[in-house]
>>> print(open('data-v6.cif').read())   # mmCIF, C-alpha atoms, pLDDT in the B column; chains and numbers go by the auth columns
data_query
#
loop_
_atom_site.group_PDB
_atom_site.id
_atom_site.type_symbol
_atom_site.label_atom_id
_atom_site.label_comp_id
_atom_site.label_asym_id
_atom_site.label_seq_id
_atom_site.Cartn_x
_atom_site.Cartn_y
_atom_site.Cartn_z
_atom_site.B_iso_or_equiv
_atom_site.auth_seq_id
_atom_site.auth_asym_id
ATOM 1 C CA MET A 1 -29.322 -131.104 23.070 39.00 1 A
ATOM 2 C CA THR A 2 -28.688 -127.440 22.348 45.00 2 A
ATOM 3 C CA ASN A 3 -24.966 -127.132 22.894 53.00 3 A
ATOM 4 C CA GLY A 4 -23.625 -129.483 20.221 55.00 4 A
ATOM 5 C CA ILE A 5 -22.653 -132.232 22.658 74.00 5 A
ATOM 6 C CA GLY A 6 -24.850 -135.119 23.722 79.00 6 A
ATOM 7 C CA ARG A 7 -25.638 -135.832 27.351 82.00 7 A
ATOM 8 C CA TRP A 8 -23.800 -139.164 27.195 89.00 8 A
ATOM 9 C CA THR A 9 -20.902 -138.098 24.987 93.00 9 A
ATOM 10 C CA TRP A 10 -18.629 -138.177 28.034 95.00 10 A
ATOM 11 C CA LEU A 11 -19.401 -141.872 28.579 96.00 11 A
ATOM 12 C CA ARG A 12 -18.636 -142.750 24.961 96.00 12 A
ATOM 13 C CA LEU A 13 -15.350 -140.850 25.218 96.00 13 A
ATOM 14 C CA LEU A 14 -14.486 -142.650 28.436 97.00 14 A
ATOM 15 C CA LEU A 15 -15.290 -146.118 27.128 97.00 15 A
ATOM 16 C CA GLY A 16 -13.576 -145.458 23.815 97.00 16 A
ATOM 17 C CA GLY A 17 -10.458 -144.241 25.582 97.00 17 A
ATOM 18 C CA VAL A 18 -10.394 -147.264 27.895 97.00 18 A
ATOM 19 C CA VAL A 19 -10.702 -149.662 24.964 98.00 19 A
ATOM 20 C CA ALA A 20 -7.961 -147.822 23.052 97.00 20 A
ATOM 21 C CA PHE A 21 -5.692 -147.887 26.107 97.00 21 A
ATOM 22 C CA ILE A 22 -6.168 -151.634 26.580 96.00 22 A
ATOM 23 C CA LEU A 23 -5.429 -152.334 22.917 97.00 23 A
ATOM 24 C CA ILE A 24 -2.262 -150.229 23.018 97.00 24 A
ATOM 25 C CA GLU A 25 -1.103 -151.776 26.287 95.00 25 A
ATOM 26 C CA ARG A 26 -1.635 -155.314 24.948 95.00 26 A
ATOM 27 C CA ALA A 27 0.239 -154.477 21.743 96.00 27 A
ATOM 28 C CA LEU A 28 3.123 -153.062 23.773 94.00 28 A
ATOM 29 C CA ALA A 29 3.213 -156.077 26.086 93.00 29 A
ATOM 30 C CA PHE A 30 3.088 -158.520 23.151 94.00 30 A
ATOM 31 C CA THR A 31 5.664 -156.876 20.909 94.00 31 A
ATOM 32 C CA GLY A 32 7.856 -155.058 23.429 90.00 32 A
ATOM 33 C CA SER A 33 8.152 -152.241 20.890 92.00 33 A
ATOM 34 C CA ILE A 34 8.805 -148.844 22.478 92.00 34 A
ATOM 35 C CA THR A 35 7.025 -147.185 19.558 94.00 35 A
ATOM 36 C CA TYR A 36 3.773 -147.851 21.450 95.00 36 A
ATOM 37 C CA VAL A 37 4.937 -145.959 24.548 95.00 37 A
ATOM 38 C CA PRO A 38 3.946 -142.423 23.391 95.00 38 A
ATOM 39 C CA ALA A 39 0.456 -143.631 22.456 96.00 39 A
ATOM 40 C CA LEU A 40 0.103 -145.435 25.795 96.00 40 A
ATOM 41 C CA LEU A 41 1.085 -142.332 27.742 96.00 41 A
ATOM 42 C CA LEU A 42 -1.099 -140.002 25.673 97.00 42 A
ATOM 43 C CA VAL A 43 -4.267 -142.106 25.751 97.00 43 A
ATOM 44 C CA GLY A 44 -3.724 -143.070 29.397 96.00 44 A
ATOM 45 C CA ALA A 45 -3.295 -139.453 30.467 96.00 45 A
ATOM 46 C CA LEU A 46 -5.963 -137.969 28.172 97.00 46 A
ATOM 47 C CA THR A 47 -8.990 -140.242 28.547 97.00 47 A
ATOM 48 C CA VAL A 48 -10.407 -139.331 31.954 97.00 48 A
ATOM 49 C CA PRO A 49 -9.719 -135.553 31.804 97.00 49 A
ATOM 50 C CA VAL A 50 -11.397 -135.258 28.375 97.00 50 A
ATOM 51 C CA ALA A 51 -14.366 -137.385 29.437 97.00 51 A
ATOM 52 C CA PHE A 52 -14.833 -135.421 32.665 97.00 52 A
ATOM 53 C CA CYS A 53 -14.683 -132.057 30.885 96.00 53 A
ATOM 54 C CA ALA A 54 -17.249 -133.354 28.381 95.00 54 A
ATOM 55 C CA PHE A 55 -19.438 -134.366 31.330 95.00 55 A
ATOM 56 C CA LEU A 56 -19.249 -130.872 32.825 94.00 56 A
ATOM 57 C CA TYR A 57 -19.867 -129.251 29.438 92.00 57 A
ATOM 58 C CA SER A 58 -22.971 -131.372 28.853 90.00 58 A
ATOM 59 C CA ARG A 59 -24.483 -130.104 32.137 85.00 59 A
ATOM 60 C CA ASP A 60 -24.800 -126.611 30.651 82.00 60 A
ATOM 61 C CA ARG A 61 -27.590 -126.493 28.077 76.00 61 A
ATOM 62 C CA THR A 62 -26.686 -123.073 26.708 78.00 62 A
ATOM 63 C CA PRO A 63 -22.931 -122.531 27.012 80.00 63 A
ATOM 64 C CA ASP A 64 -21.338 -119.411 25.597 87.00 64 A
ATOM 65 C CA VAL A 65 -17.917 -121.046 25.312 91.00 65 A
ATOM 66 C CA PRO A 66 -17.490 -123.120 22.118 90.00 66 A
ATOM 67 C CA TRP A 67 -15.937 -126.522 22.675 89.00 67 A
ATOM 68 C CA THR A 68 -13.168 -125.505 20.251 91.00 68 A
ATOM 69 C CA THR A 69 -12.220 -122.647 22.597 94.00 69 A
ATOM 70 C CA LEU A 70 -12.101 -125.119 25.465 95.00 70 A
ATOM 71 C CA GLY A 71 -9.731 -127.250 23.416 95.00 71 A
ATOM 72 C CA TRP A 72 -7.383 -124.319 22.838 96.00 72 A
ATOM 73 C CA CYS A 73 -7.639 -123.397 26.503 97.00 73 A
ATOM 74 C CA ALA A 74 -6.687 -126.953 27.480 97.00 74 A
ATOM 75 C CA LEU A 75 -3.709 -126.891 25.112 97.00 75 A
ATOM 76 C CA TRP A 76 -2.285 -123.493 26.027 97.00 76 A
ATOM 77 C CA GLY A 77 -3.405 -123.633 29.649 96.00 77 A
ATOM 78 C CA GLY A 78 -1.605 -126.940 29.988 96.00 78 A
ATOM 79 C CA VAL A 79 1.535 -125.943 28.092 97.00 79 A
ATOM 80 C CA LEU A 80 1.991 -122.437 29.496 96.00 80 A
ATOM 81 C CA GLY A 81 0.851 -123.550 32.944 95.00 81 A
ATOM 82 C CA SER A 82 3.433 -126.355 32.984 96.00 82 A
ATOM 83 C CA VAL A 83 6.223 -124.136 31.675 96.00 83 A
ATOM 84 C CA LEU A 84 5.435 -121.278 34.052 94.00 84 A
ATOM 85 C CA ALA A 85 5.035 -123.558 37.067 94.00 85 A
ATOM 86 C CA GLY A 86 8.250 -125.410 36.254 92.00 86 A
ATOM 87 C CA ARG A 87 10.211 -122.180 35.911 92.00 87 A
ATOM 88 C CA LEU A 88 8.844 -120.626 39.108 91.00 88 A
ATOM 89 C CA GLU A 89 9.409 -123.817 41.085 90.00 89 A
ATOM 90 C CA PHE A 90 12.962 -124.077 39.717 88.00 90 A
ATOM 91 C CA ASP A 91 13.698 -120.463 40.682 88.00 91 A
ATOM 92 C CA THR A 92 12.273 -121.070 44.167 86.00 92 A
ATOM 93 C CA VAL A 93 14.529 -124.077 44.688 85.00 93 A
ATOM 94 C CA GLN A 94 17.535 -122.097 43.445 83.00 94 A
ATOM 95 C CA HIS A 95 16.898 -119.345 45.979 81.00 95 A
ATOM 96 C CA LEU A 96 15.751 -121.404 48.960 78.00 96 A
ATOM 97 C CA GLY A 97 17.467 -124.735 48.321 76.00 97 A
ATOM 98 C CA THR A 98 14.104 -126.444 48.693 77.00 98 A
ATOM 99 C CA ILE A 99 10.457 -125.693 47.975 82.00 99 A
ATOM 100 C CA PRO A 100 7.711 -125.764 50.629 86.00 100 A
ATOM 101 C CA VAL A 101 4.582 -127.723 49.802 89.00 101 A
ATOM 102 C CA ILE A 102 2.446 -124.601 50.196 92.00 102 A
ATOM 103 C CA ALA A 103 4.633 -122.812 47.627 92.00 103 A
ATOM 104 C CA ILE A 104 4.006 -125.589 45.095 93.00 104 A
ATOM 105 C CA GLY A 105 0.260 -125.114 45.572 94.00 105 A
ATOM 106 C CA VAL A 106 0.450 -121.337 45.101 95.00 106 A
ATOM 107 C CA ILE A 107 2.729 -121.556 42.059 96.00 107 A
ATOM 108 C CA GLU A 108 0.824 -124.271 40.208 96.00 108 A
ATOM 109 C CA GLU A 109 -2.619 -122.805 40.871 97.00 109 A
ATOM 110 C CA PHE A 110 -1.454 -119.403 39.678 96.00 110 A
ATOM 111 C CA ALA A 111 0.243 -120.885 36.590 96.00 111 A
ATOM 112 C CA LYS A 112 -2.835 -122.887 35.536 97.00 112 A
ATOM 113 C CA PHE A 113 -5.101 -119.885 36.080 96.00 113 A
ATOM 114 C CA VAL A 114 -3.364 -117.432 33.719 96.00 114 A
ATOM 115 C CA VAL A 115 -4.791 -118.617 30.371 97.00 115 A
ATOM 116 C CA PRO A 116 -8.440 -119.193 31.438 97.00 116 A
ATOM 117 C CA ALA A 117 -8.428 -115.861 33.297 96.00 117 A
ATOM 118 C CA TRP A 118 -7.226 -114.073 30.178 96.00 118 A
ATOM 119 C CA LEU A 119 -9.924 -115.750 28.059 95.00 119 A
ATOM 120 C CA THR A 120 -12.583 -114.893 30.633 93.00 120 A
ATOM 121 C CA VAL A 121 -11.644 -111.203 30.504 92.00 121 A
ATOM 122 C CA ARG A 122 -11.035 -111.063 26.757 91.00 122 A
ATOM 123 C CA HIS A 123 -14.332 -112.635 25.668 88.00 123 A
ATOM 124 C CA GLY A 124 -16.577 -111.403 28.481 84.00 124 A
ATOM 125 C CA TYR A 125 -18.546 -114.643 28.800 88.00 125 A
ATOM 126 C CA SER A 126 -21.901 -114.098 30.469 84.00 126 A
ATOM 127 C CA LYS A 127 -22.104 -116.961 32.978 89.00 127 A
ATOM 128 C CA GLU A 128 -20.040 -118.262 35.851 92.00 128 A
ATOM 129 C CA MET A 129 -20.261 -121.737 34.314 93.00 129 A
ATOM 130 C CA ASP A 130 -18.313 -120.417 31.320 94.00 130 A
ATOM 131 C CA GLY A 131 -15.472 -119.353 33.598 94.00 131 A
ATOM 132 C CA LEU A 132 -15.613 -122.650 35.459 96.00 132 A
ATOM 133 C CA MET A 133 -15.415 -124.614 32.196 96.00 133 A
ATOM 134 C CA LEU A 134 -12.424 -122.618 30.968 97.00 134 A
ATOM 135 C CA GLY A 135 -10.647 -123.336 34.240 97.00 135 A
ATOM 136 C CA ALA A 136 -11.555 -127.015 34.076 98.00 136 A
ATOM 137 C CA ALA A 137 -10.169 -127.220 30.534 98.00 137 A
ATOM 138 C CA ALA A 138 -6.876 -125.578 31.541 98.00 138 A
ATOM 139 C CA GLY A 139 -6.644 -127.861 34.554 98.00 139 A
ATOM 140 C CA ALA A 140 -7.277 -130.862 32.308 98.00 140 A
ATOM 141 C CA GLY A 141 -4.490 -129.816 29.943 97.00 141 A
ATOM 142 C CA PHE A 142 -2.097 -129.409 32.855 97.00 142 A
ATOM 143 C CA ALA A 143 -3.119 -132.782 34.306 97.00 143 A
ATOM 144 C CA VAL A 144 -2.575 -134.557 30.967 97.00 144 A
ATOM 145 C CA LEU A 145 0.949 -133.200 30.513 96.00 145 A
ATOM 146 C CA GLU A 146 1.851 -133.878 34.139 96.00 146 A
ATOM 147 C CA SER A 147 0.528 -137.448 33.975 96.00 147 A
ATOM 148 C CA MET A 148 2.471 -138.127 30.784 96.00 148 A
ATOM 149 C CA GLY A 149 5.611 -136.864 32.496 95.00 149 A
ATOM 150 C CA TYR A 150 5.026 -139.011 35.560 94.00 150 A
ATOM 151 C CA GLY A 151 4.212 -142.005 33.361 94.00 151 A
ATOM 152 C CA LEU A 152 7.411 -141.662 31.358 94.00 152 A
ATOM 153 C CA THR A 153 9.476 -141.159 34.514 94.00 153 A
ATOM 154 C CA GLY A 154 7.835 -144.171 36.147 92.00 154 A
ATOM 155 C CA LEU A 155 8.504 -146.341 33.104 91.00 155 A
ATOM 156 C CA PHE A 156 12.147 -145.286 33.048 90.00 156 A
ATOM 157 C CA PHE A 157 12.937 -145.649 36.749 90.00 157 A
ATOM 158 C CA SER A 158 11.025 -148.935 37.083 89.00 158 A
ATOM 159 C CA GLY A 159 13.220 -150.461 34.404 87.00 159 A
ATOM 160 C CA GLY A 160 10.387 -150.655 31.883 86.00 160 A
ATOM 161 C CA ASN A 161 7.864 -152.176 34.317 90.00 161 A
ATOM 162 C CA LEU A 162 4.647 -151.907 32.296 90.00 162 A
ATOM 163 C CA THR A 163 2.378 -152.907 35.181 92.00 163 A
ATOM 164 C CA PHE A 164 3.720 -150.113 37.367 93.00 164 A
ATOM 165 C CA THR A 165 3.275 -147.563 34.568 92.00 165 A
ATOM 166 C CA VAL A 166 -0.298 -148.663 33.845 92.00 166 A
ATOM 167 C CA GLN A 167 -1.182 -148.458 37.544 93.00 167 A
ATOM 168 C CA LEU A 168 0.371 -144.996 37.776 93.00 168 A
ATOM 169 C CA LEU A 169 -1.582 -143.714 34.767 94.00 169 A
ATOM 170 C CA PHE A 170 -4.758 -145.323 36.125 93.00 170 A
ATOM 171 C CA PHE A 171 -4.377 -143.629 39.518 93.00 171 A
ATOM 172 C CA ARG A 172 -3.542 -140.223 38.066 94.00 172 A
ATOM 173 C CA GLY A 173 -6.395 -140.489 35.574 93.00 173 A
ATOM 174 C CA LEU A 174 -8.900 -141.245 38.323 92.00 174 A
ATOM 175 C CA MET A 175 -7.619 -138.395 40.474 94.00 175 A
ATOM 176 C CA ALA A 176 -7.477 -135.740 37.720 95.00 176 A
ATOM 177 C CA PRO A 177 -11.141 -134.625 38.071 96.00 177 A
ATOM 178 C CA ALA A 178 -10.731 -134.101 41.824 96.00 178 A
ATOM 179 C CA THR A 179 -7.400 -132.289 41.565 96.00 179 A
ATOM 180 C CA HIS A 180 -6.272 -130.009 38.740 97.00 180 A
ATOM 181 C CA ILE A 181 -9.601 -129.969 36.877 98.00 181 A
ATOM 182 C CA ALA A 182 -11.747 -129.211 39.917 98.00 182 A
ATOM 183 C CA TRP A 183 -9.270 -126.786 41.478 98.00 183 A
ATOM 184 C CA THR A 184 -8.666 -124.615 38.417 98.00 184 A
ATOM 185 C CA GLY A 185 -12.362 -124.742 37.550 97.00 185 A
ATOM 186 C CA LEU A 186 -13.301 -123.453 41.000 98.00 186 A
ATOM 187 C CA ILE A 187 -10.716 -120.670 40.887 98.00 187 A
ATOM 188 C CA THR A 188 -11.681 -119.447 37.414 97.00 188 A
ATOM 189 C CA GLY A 189 -15.392 -119.627 38.239 95.00 189 A
ATOM 190 C CA ALA A 190 -14.743 -117.451 41.289 96.00 190 A
ATOM 191 C CA PHE A 191 -12.625 -115.121 39.148 96.00 191 A
ATOM 192 C CA TRP A 192 -15.551 -114.721 36.719 94.00 192 A
ATOM 193 C CA SER A 193 -17.694 -113.697 39.679 92.00 193 A
ATOM 194 C CA ALA A 194 -15.036 -111.260 40.883 92.00 194 A
ATOM 195 C CA TRP A 195 -14.676 -109.725 37.406 90.00 195 A
ATOM 196 C CA HIS A 196 -18.398 -109.353 36.680 85.00 196 A
ATOM 197 C CA ARG A 197 -19.799 -108.827 40.180 80.00 197 A
ATOM 198 C CA ARG A 198 -16.817 -107.251 41.918 76.00 198 A
ATOM 199 C CA SER A 199 -16.873 -110.029 44.556 76.00 199 A
ATOM 200 C CA LEU A 200 -13.126 -110.144 45.160 89.00 200 A
ATOM 201 C CA ARG A 201 -13.487 -111.689 48.600 92.00 201 A
ATOM 202 C CA ARG A 202 -14.948 -114.925 47.251 92.00 202 A
ATOM 203 C CA PHE A 203 -12.158 -115.224 44.704 95.00 203 A
ATOM 204 C CA LEU A 204 -9.481 -114.790 47.376 96.00 204 A
ATOM 205 C CA TYR A 205 -11.167 -117.308 49.668 96.00 205 A
ATOM 206 C CA THR A 206 -11.526 -119.780 46.803 97.00 206 A
ATOM 207 C CA PHE A 207 -7.906 -119.418 45.741 97.00 207 A
ATOM 208 C CA ALA A 208 -6.728 -119.865 49.328 97.00 208 A
ATOM 209 C CA GLY A 209 -8.988 -122.891 49.832 97.00 209 A
ATOM 210 C CA VAL A 210 -7.750 -124.548 46.652 98.00 210 A
ATOM 211 C CA VAL A 211 -4.098 -123.915 47.589 97.00 211 A
ATOM 212 C CA ILE A 212 -4.744 -125.583 50.951 97.00 212 A
ATOM 213 C CA LEU A 213 -6.325 -128.608 49.246 97.00 213 A
ATOM 214 C CA HIS A 214 -3.421 -128.782 46.787 97.00 214 A
ATOM 215 C CA SER A 215 -0.862 -128.578 49.594 95.00 215 A
ATOM 216 C CA LEU A 216 -2.614 -131.247 51.645 95.00 216 A
ATOM 217 C CA TRP A 217 -2.729 -133.481 48.568 95.00 217 A
ATOM 218 C CA ASP A 218 0.988 -133.072 47.887 92.00 218 A
ATOM 219 C CA GLY A 219 1.852 -133.544 51.548 89.00 219 A
ATOM 220 C CA THR A 220 0.035 -136.831 52.116 84.00 220 A
ATOM 221 C CA GLY A 221 0.792 -140.373 51.089 79.00 221 A
ATOM 222 C CA SER A 222 -2.268 -141.875 52.711 85.00 222 A
ATOM 223 C CA PHE A 223 -5.025 -143.434 50.623 87.00 223 A
ATOM 224 C CA THR A 224 -7.561 -142.417 53.260 91.00 224 A
ATOM 225 C CA TRP A 225 -6.527 -138.768 52.988 92.00 225 A
ATOM 226 C CA TYR A 226 -6.590 -138.945 49.190 93.00 226 A
ATOM 227 C CA LEU A 227 -10.163 -140.217 49.424 94.00 227 A
ATOM 228 C CA VAL A 228 -11.177 -137.458 51.839 96.00 228 A
ATOM 229 C CA LEU A 229 -9.606 -134.742 49.688 96.00 229 A
ATOM 230 C CA THR A 230 -11.238 -136.225 46.568 96.00 230 A
ATOM 231 C CA LEU A 231 -14.673 -136.054 48.185 97.00 231 A
ATOM 232 C CA VAL A 232 -14.079 -132.481 49.392 98.00 232 A
ATOM 233 C CA SER A 233 -12.829 -131.243 46.008 98.00 233 A
ATOM 234 C CA LEU A 234 -15.543 -132.907 43.931 97.00 234 A
ATOM 235 C CA GLY A 235 -18.209 -131.973 46.463 98.00 235 A
ATOM 236 C CA TRP A 236 -17.148 -128.334 46.253 97.00 236 A
ATOM 237 C CA LEU A 237 -17.061 -128.432 42.454 98.00 237 A
ATOM 238 C CA PHE A 238 -20.507 -130.006 42.063 96.00 238 A
ATOM 239 C CA GLU A 239 -21.973 -127.666 44.665 96.00 239 A
ATOM 240 C CA ARG A 240 -20.874 -124.759 42.456 95.00 240 A
ATOM 241 C CA VAL A 241 -22.204 -126.431 39.292 94.00 241 A
ATOM 242 C CA HIS A 242 -25.615 -127.011 40.892 93.00 242 A
ATOM 243 C CA ALA A 243 -25.702 -123.493 42.352 91.00 243 A
ATOM 244 C CA ILE A 244 -25.011 -122.033 38.916 89.00 244 A
ATOM 245 C CA ALA A 245 -27.644 -124.274 37.340 85.00 245 A
ATOM 246 C CA ARG A 246 -30.273 -123.141 39.860 84.00 246 A
ATOM 247 C CA ARG A 247 -29.567 -119.475 39.119 78.00 247 A
ATOM 248 C CA THR A 248 -29.768 -119.925 35.360 70.00 248 A
ATOM 249 C CA ALA A 249 -32.758 -122.310 35.276 62.00 249 A
#
>>> encode(input="data-v6.cif", output="structure tokens")
Amino acid sequence: MTNGIGRWTWLRLLLGGVVAFILIERALAFTGSITYVPALLLVGALTVPVAFCAFLYSRDRTPDVPWTTLGWCALWGGVLGSVLAGRLEFDTVQHLGTIPVIAIGVIEEFAKFVVPAWLTVRHGYSKEMDGLMLGAAAGAGFAVLESMGYGLTGLFFSGGNLTFTVQLLFFRGLMAPATHIAWTGLITGAFWSAWHRRSLRRFLYTFAGVVILHSLWDGTGSFTWYLVLTLVSLGWLFERVHAIARRTA
């Protein structure tokens, strides 16, 4: 261990988060006290994204990006990404009366990308994996805030149905690595390559490919298609991680 994080830290984070979530959910179910709701939403939305980012971080033995920087990137990437995406989507609806699925993909991928791109340029990190990790962190922050919003909305519109809310958080938690985390990680990794190697074509292709995946995800309601898109997104992400590892070995 040379990067300050153990190889199995991600598993401890995952198991700890699951245990915490179960304890909070049981306390909420037993007491009916709404004071447990914020903790339920936070832990339910946070556990898988944090564990998955820790898993990716542990794959790089000599990262340039400190884990504290990744934390700040997750915070501001999530907050500014959510605010920017929400504003742009609102403006689009105001002008068009509706918003095409492809426009949602373009807007959200651009919004999530702003903070990690700025950090990549500002600090001049030396490896593509550094750019990928910054993107993954920003995507994780965005996914956490979005899942909390969906969880709260689901709890409200289901009339306080705790089972529905838990299932919603569970599904979104499982899907986070294959959606926002993978997509923003891929885009920022390709941006690092474009910035350092002047390979703009790969960045444009990657951005376009991610927008297509995002649009297909938003446009489907089929479990089979979700599974296919999950395999494609994670397969693409891990292909990049292994390619980077081979170059730096």
>>> closest_atom_pairs(input="data-v6.cif", of="range 96-128 of chain A", to="range 216-240 of chain A", cutoff="10 Å", atoms="all atoms listed in the file", output="Markdown table")
| residue | atom | partner | partner_atom | distance |
| --- | --- | --- | --- | --- |
| A:Pro100 | CA | A:Gly219 | CA | 9.8 |
| A:Val101 | CA | A:Gly219 | CA | 6.7 |
| A:Ile102 | CA | A:Leu216 | CA | 8.5 |
| A:Ile104 | CA | A:Asp218 | CA | 8.5 |
| A:Gly105 | CA | A:Asp218 | CA | 8.3 |
| A:Glu128 | CA | A:Arg240 | CA | 9.3 |
>>> residues_around(input="data-v6.cif", residues="Tyr36 in chain A", least_positions_apart="5", cutoff="10 Å", atoms="all atoms listed in the file", output="list in words")
Ile24, Glu25, Arg26, Ala27, Leu28, Ala29, Thr31 and Leu41 of chain A
>>> resolve_selection(input="data-v6.cif", expression="the PyMOL selection byres ((chain A and resi 113-116) around 9)", output="ChimeraX atom specification")
/A:73-74,76-78,80-81,108-112,117-121,131-139,184-185,187-188
>>> resolve_selection(input="data-v6.cif", expression="the PyMOL selection byres ((chain A and resi 148) around 10)", output="PyMOL selection string")
chain A and resi 38+40-46+143-147+149-154+169+172
>>> closest_residue(input="data-v6.cif", among="A:Val50, A:Arg246, A:Phe207, A:Leu14", to="Ile107 in chain A", atoms="all atoms listed in the file")
A:Phe207
>>> atom_distance(input="data-v6.cif", atom1="CA of Trp192 in chain A", atom2="CA of Thr47 in chain A")
27.6 Å
>>> residues_around(input="data-v6.cif", residues="Ala176 in chain A", least_positions_apart="4", cutoff="8 Å", atoms="only C-alpha atoms", output="PyMOL selection string")
chain A and resi 48-49+140+143+172+180-181
>>> atom_distance(input="data-v6.cif", atom1="CA of Phe55 in chain A", atom2="CA of Val241 in chain A")
11.6 Å
>>> atom_distance(input="data-v6.cif", atom1="CA of Tyr125 in chain A", atom2="CA of Arg59 in chain A")
16.9 Å
>>> closest_residue(input="data-v6.cif", among="A:Gly124, A:Gly160, A:Gly16, A:Gly6", to="Ala54 in chain A", atoms="all atoms listed in the file")
A:Gly6
>>> axis_aligned_box(input="data-v6.cif", around="range 36-48 of chain A", padding_each_side="5 Å", output="JSON")
{"center_x": -2.7, "center_y": -142.9, "center_z": 26.7, "size_x": 25.3, "size_y": 19.9, "size_z": 20.5}
>>> residues_near_point(input="data-v6.cif", point="(-18.6, -140.8, 28.5)", cutoff="8 Å", atoms="all atoms listed in the file", output="list in words")
Trp8, Thr9, Trp10, Leu11, Arg12, Leu13, Leu14, Leu15, Ala51, Phe52, Ala54 and Phe55 of chain A
>>> decode(input="data-v6.cif", residues="range 116-121 of chain A", atoms="all heavy atoms", output="mmCIF file, in the first residue's frame")
data_model
loop_
_atom_site.group_PDB
_atom_site.id
_atom_site.type_symbol
_atom_site.label_atom_id
_atom_site.label_comp_id
_atom_site.auth_asym_id
_atom_site.auth_seq_id
_atom_site.Cartn_x
_atom_site.Cartn_y
_atom_site.Cartn_z
ATOM 1 N N PRO A 116 -14.166 18.716 -12.462
ATOM 2 C CA PRO A 116 -12.976 17.876 -12.651
ATOM 3 C C PRO A 116 -12.085 18.338 -13.796
ATOM 4 O O PRO A 116 -10.862 18.182 -13.737
ATOM 5 C CB PRO A 116 -13.558 16.477 -12.915
ATOM 6 C CG PRO A 116 -14.963 16.706 -13.339
ATOM 7 C CD PRO A 116 -15.408 17.931 -12.596
ATOM 8 N N ALA A 117 -12.681 18.936 -14.843
ATOM 9 C CA ALA A 117 -11.865 19.458 -15.940
ATOM 10 C C ALA A 117 -10.997 20.610 -15.450
ATOM 11 O O ALA A 117 -9.808 20.703 -15.787
ATOM 12 C CB ALA A 117 -12.763 19.913 -17.089
ATOM 13 N N TRP A 118 -11.596 21.491 -14.666
ATOM 14 C CA TRP A 118 -10.838 22.624 -14.125
ATOM 15 C C TRP A 118 -9.694 22.143 -13.241
ATOM 16 O O TRP A 118 -8.568 22.648 -13.326
ATOM 17 C CB TRP A 118 -11.777 23.521 -13.326
ATOM 18 C CG TRP A 118 -11.079 24.676 -12.672
ATOM 19 C CD1 TRP A 118 -10.618 25.809 -13.281
ATOM 20 C CD2 TRP A 118 -10.738 24.805 -11.288
ATOM 21 N NE1 TRP A 118 -10.015 26.639 -12.360
ATOM 22 C CE2 TRP A 118 -10.075 26.055 -11.130
ATOM 23 C CE3 TRP A 118 -10.938 23.999 -10.181
ATOM 24 C CZ2 TRP A 118 -9.607 26.492 -9.892
ATOM 25 C CZ3 TRP A 118 -10.477 24.444 -8.939
ATOM 26 C CH2 TRP A 118 -9.824 25.664 -8.798
ATOM 27 N N LEU A 119 -9.942 21.144 -12.401
ATOM 28 C CA LEU A 119 -8.888 20.616 -11.527
ATOM 29 C C LEU A 119 -7.793 19.933 -12.337
ATOM 30 O O LEU A 119 -6.610 20.026 -12.008
ATOM 31 C CB LEU A 119 -9.487 19.627 -10.524
ATOM 32 C CG LEU A 119 -10.336 20.239 -9.413
ATOM 33 C CD1 LEU A 119 -11.024 19.145 -8.599
ATOM 34 C CD2 LEU A 119 -9.490 21.117 -8.495
ATOM 35 N N THR A 120 -8.195 19.243 -13.394
ATOM 36 C CA THR A 120 -7.210 18.574 -14.254
ATOM 37 C C THR A 120 -6.257 19.586 -14.882
ATOM 38 O O THR A 120 -5.037 19.385 -14.928
ATOM 39 C CB THR A 120 -7.926 17.782 -15.359
ATOM 40 O OG1 THR A 120 -8.753 16.772 -14.768
ATOM 41 C CG2 THR A 120 -6.930 17.110 -16.290
ATOM 42 N N VAL A 121 -6.801 20.694 -15.361
ATOM 43 C CA VAL A 121 -5.980 21.737 -15.987
ATOM 44 C C VAL A 121 -5.161 22.487 -14.942
ATOM 45 O O VAL A 121 -3.972 22.746 -15.132
ATOM 46 C CB VAL A 121 -6.881 22.719 -16.772
ATOM 47 C CG1 VAL A 121 -6.076 23.912 -17.259
ATOM 48 C CG2 VAL A 121 -7.541 22.008 -17.944
#
